[in-house]
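Coordinates from model.txt are shown below (compact mmCIF, C-alpha atoms).
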```txt
# COMPACT_ATOMS: atom_id res chain seq x y z
CA MET A 67 12.04 -10.29 1.97
CA ALA A 68 13.06 -13.43 0.13
CA LYS A 69 13.97 -12.70 -3.45
CA PHE A 70 12.98 -15.12 -6.17
CA LYS A 71 14.29 -14.94 -9.72
CA ASP A 72 10.69 -15.12 -10.87
CA GLU A 73 8.48 -12.03 -10.43
CA VAL A 74 5.26 -14.05 -10.10
CA ALA A 75 6.83 -16.04 -7.26
CA ASN A 76 7.87 -12.74 -5.64
CA ASN A 77 4.34 -11.36 -5.94
CA THR A 78 2.85 -14.49 -4.40
CA HIS A 79 5.45 -14.53 -1.62
CA SER A 80 4.56 -10.90 -0.83
CA PHE A 81 0.86 -11.80 -0.80
CA PHE A 82 1.46 -14.53 1.80
CA ILE A 83 3.71 -12.32 3.92
CA ASN A 84 1.78 -9.03 3.73
CA LYS A 85 -1.81 -9.42 2.52
CA LEU A 86 -2.82 -12.80 3.93
CA PRO A 87 -2.24 -11.76 7.58
CA GLU A 88 -4.32 -8.64 6.92
CA LEU A 89 -7.19 -10.71 5.48
CA LEU A 90 -7.00 -13.12 8.41
CA ALA A 91 -7.13 -10.21 10.87
CA PHE A 92 -10.19 -8.69 9.16
CA ALA A 93 -11.92 -12.07 9.22
CA GLY A 94 -10.96 -12.66 12.86
CA CYS A 95 -9.15 -15.88 11.96
CA HIS A 96 -5.76 -17.51 12.35
CA GLU A 97 -3.71 -19.31 9.67
CA ASP A 98 -4.89 -22.70 10.89
CA VAL A 99 -8.41 -21.94 9.60
CA LEU A 100 -7.04 -22.31 6.06
CA LEU A 101 -5.98 -25.85 6.90
CA SER A 102 -9.24 -26.84 8.55
CA GLY A 103 -12.73 -27.52 7.30
CA ARG A 104 -14.05 -24.35 8.96
CA ASP A 105 -16.56 -22.32 7.04
CA PHE A 106 -16.06 -18.57 6.65
CA SER A 107 -19.75 -17.79 6.32
CA GLU A 108 -20.62 -16.28 9.71
CA PRO A 109 -19.08 -12.89 10.52
CA LYS A 110 -18.98 -12.03 14.21
CA VAL A 111 -19.36 -8.27 14.32
CA SER A 112 -21.09 -6.02 16.82
CA SER A 113 -21.25 -2.26 16.87
CA SER A 114 -23.56 0.45 18.16
CA LYS A 115 -23.40 2.55 14.97
CA LYS A 116 -25.11 1.06 11.93
CA ASN A 117 -22.87 2.59 9.23
CA VAL A 118 -19.70 1.61 11.09
CA ALA A 119 -21.06 -1.90 11.56
CA GLU A 120 -21.97 -2.15 7.87
CA THR A 121 -18.45 -1.11 6.88
CA VAL A 122 -16.90 -3.63 9.26
CA ILE A 123 -19.25 -6.39 8.10
CA PHE A 124 -18.40 -5.59 4.46
CA ARG A 125 -14.66 -5.85 5.24
CA VAL A 126 -15.16 -9.07 7.20
CA ASP A 127 -17.29 -10.59 4.43
CA SER A 128 -14.83 -9.52 1.74
CA ALA A 129 -11.90 -10.93 3.68
CA ARG A 130 -13.73 -14.21 4.19
CA ILE A 131 -14.45 -14.52 0.46
CA TYR A 132 -10.77 -13.96 -0.35
CA LEU A 133 -9.77 -16.46 2.36
CA GLU A 134 -12.18 -19.02 0.93
CA ALA A 135 -10.47 -18.53 -2.45
CA VAL A 136 -7.06 -19.05 -0.78
CA LYS A 137 -8.32 -22.21 0.87
CA ASP A 138 -9.88 -23.52 -2.35
CA THR A 139 -6.67 -22.76 -4.25
CA LEU A 140 -4.56 -24.64 -1.73
CA ASN A 141 -6.95 -27.59 -1.83
CA SER A 142 -6.71 -27.70 -5.64
CA MET A 143 -2.92 -28.03 -5.63
CA ASP A 144 -0.82 -31.18 -5.70
CA GLU A 145 -0.03 -32.36 -2.18
CA ILE A 146 3.70 -31.53 -2.24
CA TYR A 147 3.12 -27.94 -3.37
CA ARG A 148 0.26 -27.45 -0.91
CA LYS A 149 2.39 -28.78 1.95
CA ILE A 150 5.30 -26.52 1.04
CA ILE A 151 3.07 -23.43 1.06
CA GLN A 152 1.37 -24.51 4.26
CA LEU A 153 4.64 -25.18 6.07
CA CYS A 154 6.46 -22.10 4.76
CA TYR A 155 3.69 -19.52 5.00
CA LEU A 156 1.02 -20.82 7.36
CA SER A 157 3.29 -22.60 9.84
CA ASN A 158 6.17 -20.14 9.30
CA LEU A 159 8.86 -22.79 8.99
CA ARG A 160 12.18 -22.09 7.34
CA ASN A 161 13.15 -23.95 4.17
CA PHE A 162 15.56 -26.29 5.96
CA GLU A 163 12.80 -27.20 8.45
CA VAL A 164 10.39 -27.89 5.60
CA ALA A 165 13.05 -30.04 3.92
CA GLU A 166 13.52 -32.06 7.11
CA ARG A 167 9.77 -32.57 7.55
CA LEU A 168 9.14 -33.62 3.97
CA GLY A 169 12.32 -35.63 3.47
CA TYR A 170 13.79 -33.55 0.66
CA CYS A 171 17.02 -31.59 0.40
CA GLU A 172 16.78 -27.83 0.92
CA LYS A 173 17.61 -27.07 -2.74
CA THR A 174 14.66 -29.22 -3.86
CA ILE A 175 12.37 -27.36 -1.46
CA ASN A 176 13.60 -24.02 -2.85
CA ASN A 177 12.84 -25.17 -6.40
CA TYR A 178 9.44 -26.61 -5.44
CA LYS A 179 8.61 -23.48 -3.46
CA THR A 180 9.07 -21.26 -6.52
CA LYS A 181 6.94 -23.61 -8.61
CA ALA A 182 4.29 -23.81 -5.86
CA LEU A 183 4.07 -20.02 -5.60
CA LYS A 184 3.67 -19.64 -9.37
CA LEU A 185 1.06 -22.38 -9.49
CA PHE A 186 -0.82 -20.77 -6.60
CA ALA A 187 -0.81 -17.39 -8.40
CA VAL A 188 -2.44 -18.79 -11.53
CA ARG A 189 -5.02 -20.91 -9.70
CA PHE A 190 -5.82 -18.13 -7.25
CA ILE A 191 -7.19 -15.95 -10.05
CA ALA A 192 -9.62 -18.68 -11.11
CA MET A 193 -10.70 -19.40 -7.53
CA GLN A 194 -11.39 -15.73 -6.82
CA LEU A 195 -13.61 -15.51 -9.89
CA LYS A 196 -15.31 -18.81 -8.99
CA ASN A 197 -16.02 -17.48 -5.47
CA GLY A 198 -17.76 -14.41 -6.88
CA ILE A 199 -15.07 -11.78 -6.62
CA ASP A 200 -15.52 -9.15 -9.32
CA SER A 201 -12.75 -9.26 -11.93
CA ASN A 202 -11.86 -5.64 -11.07
CA HIS A 203 -11.12 -6.63 -7.46
CA ILE A 204 -9.12 -9.82 -7.82
CA PHE A 205 -5.56 -10.13 -6.57
CA ASP A 206 -3.67 -10.83 -9.80
CA LEU A 207 -0.37 -12.19 -8.57
CA THR A 208 0.68 -13.02 -12.14
CA LYS A 209 1.13 -9.38 -13.18
CA ILE A 210 4.70 -8.59 -14.05
CA LYS A 211 6.35 -5.28 -14.76
CA ILE A 212 7.27 -4.76 -18.39
CA GLN A 213 10.84 -3.55 -18.65
CA ALA A 214 11.36 -0.99 -21.42
```

How would this structure read if it were set down as structure tokens?
Amino acid sequence: MAKFKDEVANNTHSFFINKLPELLAFAGCHEDVLLSGRDFSEPKVSSSKKNVAETVIFRVDSARIYLEAVKDTLNSMDEIYRKIIQLCYLSNLRNFEVAERLGYCEKTINNYKTKALKLFAVRFIAMQLKNGIDSNHIFDLTKIKIQA
């Protein structure tokens, strides 16, 4: 795992690497859906057992609400930060590839990436609340461990 000097950036990096693929899998989507205008409103679930189907539908619906918050958060960010997150985490490009595509040096991309991750973390909380996620169930990527 990439290690950032900033714990919020680390938390957000981990979210993109670990949790986002899980949410996409539950919702039956691919990363490109976050870049498109596709709506997450119609779950496609079929099952012969009602309680199993209800559980699956709940997971699909929950995942889609979180994904909508991710999408809204990305859309609320400045273009350079949004592009860096999209290229690094949704297109899985390495920092030097992102630098080549955007016309920056790799060190600048590294600095912008940390700032983009921190910005995403703060805005993501607001977007989750705006999209109706209960405050007890939000992903708070800004939490840091207090060192005693």

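Computed from the coordinates, the atom CA of A:Tyr155 to atom CA of A:Asn202 distance equals 26.3 Å.
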
Q. Can you list, as a PyMOL selection string, every protein, DNA or RNA residue that comes within 7 Å of A:Ala75 when you count all atoms listed in the file, leaving out same-chain residues fewer than 3 positions away?
A. chain A and resi 70+72+78-79+180+183-184

Q: Do a neighbour search on A:His203 at 12 Å with all atoms listed in the file, toss out local chain neighbours closer than 2 positions, and write the hits as a ChimeraX atom specification.
A: /A:128-129,131-132,191,194-195,198-201,205-206

Q: Point out the residue among A:Lys196, A:Lys209, A:Lys181, A:Lys85 with the least atom-to-atom distance to A:Lys71, counting all atoms listed in the file.
A: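 Nearest candidate to A:Lys71 out of A:Lys196, A:Lys209, A:Lys181, A:Lys85: A:Lys181.
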
Q. So how many Å separate atom CA of A:Ile83 and atom CA of A:Cys171, to one decimal?
A.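 It comes out at 23.7 Å.
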
Q.
Just want the 7 Å neighbourhood of A:Met193, counted on only C-alpha atoms, with same-chain residues fewer than 6 positions away dropped. Output as a ChimeraX atom specification.
A. /A:135,138-139

Q.
Between A:Arg130, A:Arg160, A:Lys179, A:Lys137, which residue has the minimum interatomic distance to A:Ala93, considering only C-alpha atoms?
A.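 Using only C-alpha atoms, the shortest distance to A:Ala93 belongs to A:Arg130.
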
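Residues of protein, DNA or RNA having at least one counted atom within 6 Å of (-11.5, -20.3, 4.1), given only C-alpha atoms, are A:Leu100, A:Phe106, A:Leu133, A:Glu134, A:Lys137.
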
Per-axis box centre and lengths in Å around stretch 193-206 of chain A, 5 Å margin per side, axis-aligned, as AutoDock Vina command-line options:
```
--center_x -10.7 --center_y -12.5 --center_z -8.7 --size_x 24.1 --size_y 23.8 --size_z 16.5
```

(Q) Between atom CA of A:Asn161 and atom CA of A:Ile204, what distance in Å does the model show, to one decimal? (A)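 Interatomic distance, atom CA of A:Asn161 to atom CA of A:Ile204: 29.0 Å.
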
When you write stretch 136-158 of chain A out from the block above, keep N, CA, C and O atoms and present the result as a PDB file, in the first residue's frame, please.
```pdb
ATOM      1  N   VAL A 136     -19.969   9.010  -3.891  1.00  0.00           N
ATOM      2  CA  VAL A 136     -18.618   9.073  -4.472  1.00  0.00           C
ATOM      3  C   VAL A 136     -18.656   9.897  -5.750  1.00  0.00           C
ATOM      4  O   VAL A 136     -17.831  10.801  -5.964  1.00  0.00           O
ATOM      5  N   LYS A 137     -19.612   9.591  -6.603  1.00  0.00           N
ATOM      6  CA  LYS A 137     -19.742  10.299  -7.877  1.00  0.00           C
ATOM      7  C   LYS A 137     -19.993  11.791  -7.652  1.00  0.00           C
ATOM      8  O   LYS A 137     -19.351  12.633  -8.289  1.00  0.00           O
ATOM      9  N   ASP A 138     -20.907  12.117  -6.755  1.00  0.00           N
ATOM     10  CA  ASP A 138     -21.203  13.518  -6.458  1.00  0.00           C
ATOM     11  C   ASP A 138     -19.973  14.239  -5.892  1.00  0.00           C
ATOM     12  O   ASP A 138     -19.717  15.402  -6.207  1.00  0.00           O
ATOM     13  N   THR A 139     -19.224  13.543  -5.046  1.00  0.00           N
ATOM     14  CA  THR A 139     -18.018  14.127  -4.473  1.00  0.00           C
ATOM     15  C   THR A 139     -17.006  14.423  -5.568  1.00  0.00           C
ATOM     16  O   THR A 139     -16.436  15.516  -5.620  1.00  0.00           O
ATOM     17  N   LEU A 140     -16.783  13.462  -6.448  1.00  0.00           N
ATOM     18  CA  LEU A 140     -15.847  13.684  -7.548  1.00  0.00           C
ATOM     19  C   LEU A 140     -16.287  14.857  -8.419  1.00  0.00           C
ATOM     20  O   LEU A 140     -15.469  15.688  -8.812  1.00  0.00           O
ATOM     21  N   ASN A 141     -17.572  14.926  -8.703  1.00  0.00           N
ATOM     22  CA  ASN A 141     -18.090  16.006  -9.551  1.00  0.00           C
ATOM     23  C   ASN A 141     -17.994  17.375  -8.889  1.00  0.00           C
ATOM     24  O   ASN A 141     -18.005  18.389  -9.579  1.00  0.00           O
ATOM     25  N   SER A 142     -17.889  17.409  -7.561  1.00  0.00           N
ATOM     26  CA  SER A 142     -17.799  18.683  -6.845  1.00  0.00           C
ATOM     27  C   SER A 142     -16.365  19.199  -6.741  1.00  0.00           C
ATOM     28  O   SER A 142     -16.152  20.328  -6.301  1.00  0.00           O
ATOM     29  N   MET A 143     -15.410  18.389  -7.143  1.00  0.00           N
ATOM     30  CA  MET A 143     -13.998  18.753  -6.980  1.00  0.00           C
ATOM     31  C   MET A 143     -13.481  19.539  -8.182  1.00  0.00           C
ATOM     32  O   MET A 143     -13.996  19.418  -9.284  1.00  0.00           O
ATOM     33  N   ASP A 144     -12.427  20.323  -7.927  1.00  0.00           N
ATOM     34  CA  ASP A 144     -11.754  21.004  -9.028  1.00  0.00           C
ATOM     35  C   ASP A 144     -11.278  19.966 -10.035  1.00  0.00           C
ATOM     36  O   ASP A 144     -10.916  18.832  -9.655  1.00  0.00           O
ATOM     37  N   GLU A 145     -11.236  20.356 -11.289  1.00  0.00           N
ATOM     38  CA  GLU A 145     -10.941  19.420 -12.376  1.00  0.00           C
ATOM     39  C   GLU A 145      -9.621  18.676 -12.190  1.00  0.00           C
ATOM     40  O   GLU A 145      -9.561  17.467 -12.389  1.00  0.00           O
ATOM     41  N   ILE A 146      -8.572  19.357 -11.788  1.00  0.00           N
ATOM     42  CA  ILE A 146      -7.257  18.695 -11.675  1.00  0.00           C
ATOM     43  C   ILE A 146      -7.290  17.602 -10.610  1.00  0.00           C
ATOM     44  O   ILE A 146      -6.780  16.509 -10.814  1.00  0.00           O
ATOM     45  N   TYR A 147      -7.931  17.876  -9.476  1.00  0.00           N
ATOM     46  CA  TYR A 147      -7.993  16.880  -8.408  1.00  0.00           C
ATOM     47  C   TYR A 147      -8.893  15.711  -8.802  1.00  0.00           C
ATOM     48  O   TYR A 147      -8.579  14.557  -8.531  1.00  0.00           O
ATOM     49  N   ARG A 148     -10.009  16.021  -9.457  1.00  0.00           N
ATOM     50  CA  ARG A 148     -10.903  14.968  -9.937  1.00  0.00           C
ATOM     51  C   ARG A 148     -10.183  14.064 -10.945  1.00  0.00           C
ATOM     52  O   ARG A 148     -10.248  12.849 -10.851  1.00  0.00           O
ATOM     53  N   LYS A 149      -9.460  14.674 -11.868  1.00  0.00           N
ATOM     54  CA  LYS A 149      -8.740  13.885 -12.879  1.00  0.00           C
ATOM     55  C   LYS A 149      -7.677  12.999 -12.247  1.00  0.00           C
ATOM     56  O   LYS A 149      -7.497  11.856 -12.657  1.00  0.00           O
ATOM     57  N   ILE A 150      -6.982  13.527 -11.260  1.00  0.00           N
ATOM     58  CA  ILE A 150      -5.935  12.735 -10.599  1.00  0.00           C
ATOM     59  C   ILE A 150      -6.554  11.522  -9.914  1.00  0.00           C
ATOM     60  O   ILE A 150      -6.062  10.400 -10.054  1.00  0.00           O
ATOM     61  N   ILE A 151      -7.644  11.711  -9.200  1.00  0.00           N
ATOM     62  CA  ILE A 151      -8.306  10.571  -8.551  1.00  0.00           C
ATOM     63  C   ILE A 151      -8.836   9.594  -9.587  1.00  0.00           C
ATOM     64  O   ILE A 151      -8.667   8.380  -9.460  1.00  0.00           O
ATOM     65  N   GLN A 152      -9.456  10.112 -10.628  1.00  0.00           N
ATOM     66  CA  GLN A 152      -9.988   9.238 -11.676  1.00  0.00           C
ATOM     67  C   GLN A 152      -8.893   8.423 -12.330  1.00  0.00           C
ATOM     68  O   GLN A 152      -9.040   7.208 -12.523  1.00  0.00           O
ATOM     69  N   LEU A 153      -7.791   9.062 -12.674  1.00  0.00           N
ATOM     70  CA  LEU A 153      -6.710   8.350 -13.363  1.00  0.00           C
ATOM     71  C   LEU A 153      -5.985   7.379 -12.432  1.00  0.00           C
ATOM     72  O   LEU A 153      -5.653   6.260 -12.838  1.00  0.00           O
ATOM     73  N   CYS A 154      -5.761   7.787 -11.189  1.00  0.00           N
ATOM     74  CA  CYS A 154      -5.024   6.926 -10.249  1.00  0.00           C
ATOM     75  C   CYS A 154      -5.865   5.750  -9.749  1.00  0.00           C
ATOM     76  O   CYS A 154      -5.376   4.631  -9.662  1.00  0.00           O
ATOM     77  N   TYR A 155      -7.125   6.017  -9.418  1.00  0.00           N
ATOM     78  CA  TYR A 155      -7.921   5.004  -8.732  1.00  0.00           C
ATOM     79  C   TYR A 155      -9.000   4.350  -9.582  1.00  0.00           C
ATOM     80  O   TYR A 155      -9.374   3.217  -9.318  1.00  0.00           O
ATOM     81  N   LEU A 156      -9.503   5.044 -10.586  1.00  0.00           N
ATOM     82  CA  LEU A 156     -10.548   4.447 -11.413  1.00  0.00           C
ATOM     83  C   LEU A 156      -9.972   3.876 -12.711  1.00  0.00           C
ATOM     84  O   LEU A 156     -10.502   2.918 -13.254  1.00  0.00           O
ATOM     85  N   SER A 157      -8.884   4.467 -13.190  1.00  0.00           N
ATOM     86  CA  SER A 157      -8.217   3.948 -14.385  1.00  0.00           C
ATOM     87  C   SER A 157      -6.951   3.171 -14.040  1.00  0.00           C
ATOM     88  O   SER A 157      -6.289   2.628 -14.918  1.00  0.00           O
ATOM     89  N   ASN A 158      -6.603   3.163 -12.758  1.00  0.00           N
ATOM     90  CA  ASN A 158      -5.460   2.402 -12.233  1.00  0.00           C
ATOM     91  C   ASN A 158      -4.139   2.728 -12.919  1.00  0.00           C
ATOM     92  O   ASN A 158      -3.332   1.834 -13.186  1.00  0.00           O
TER      93      ASN A 158
END
```
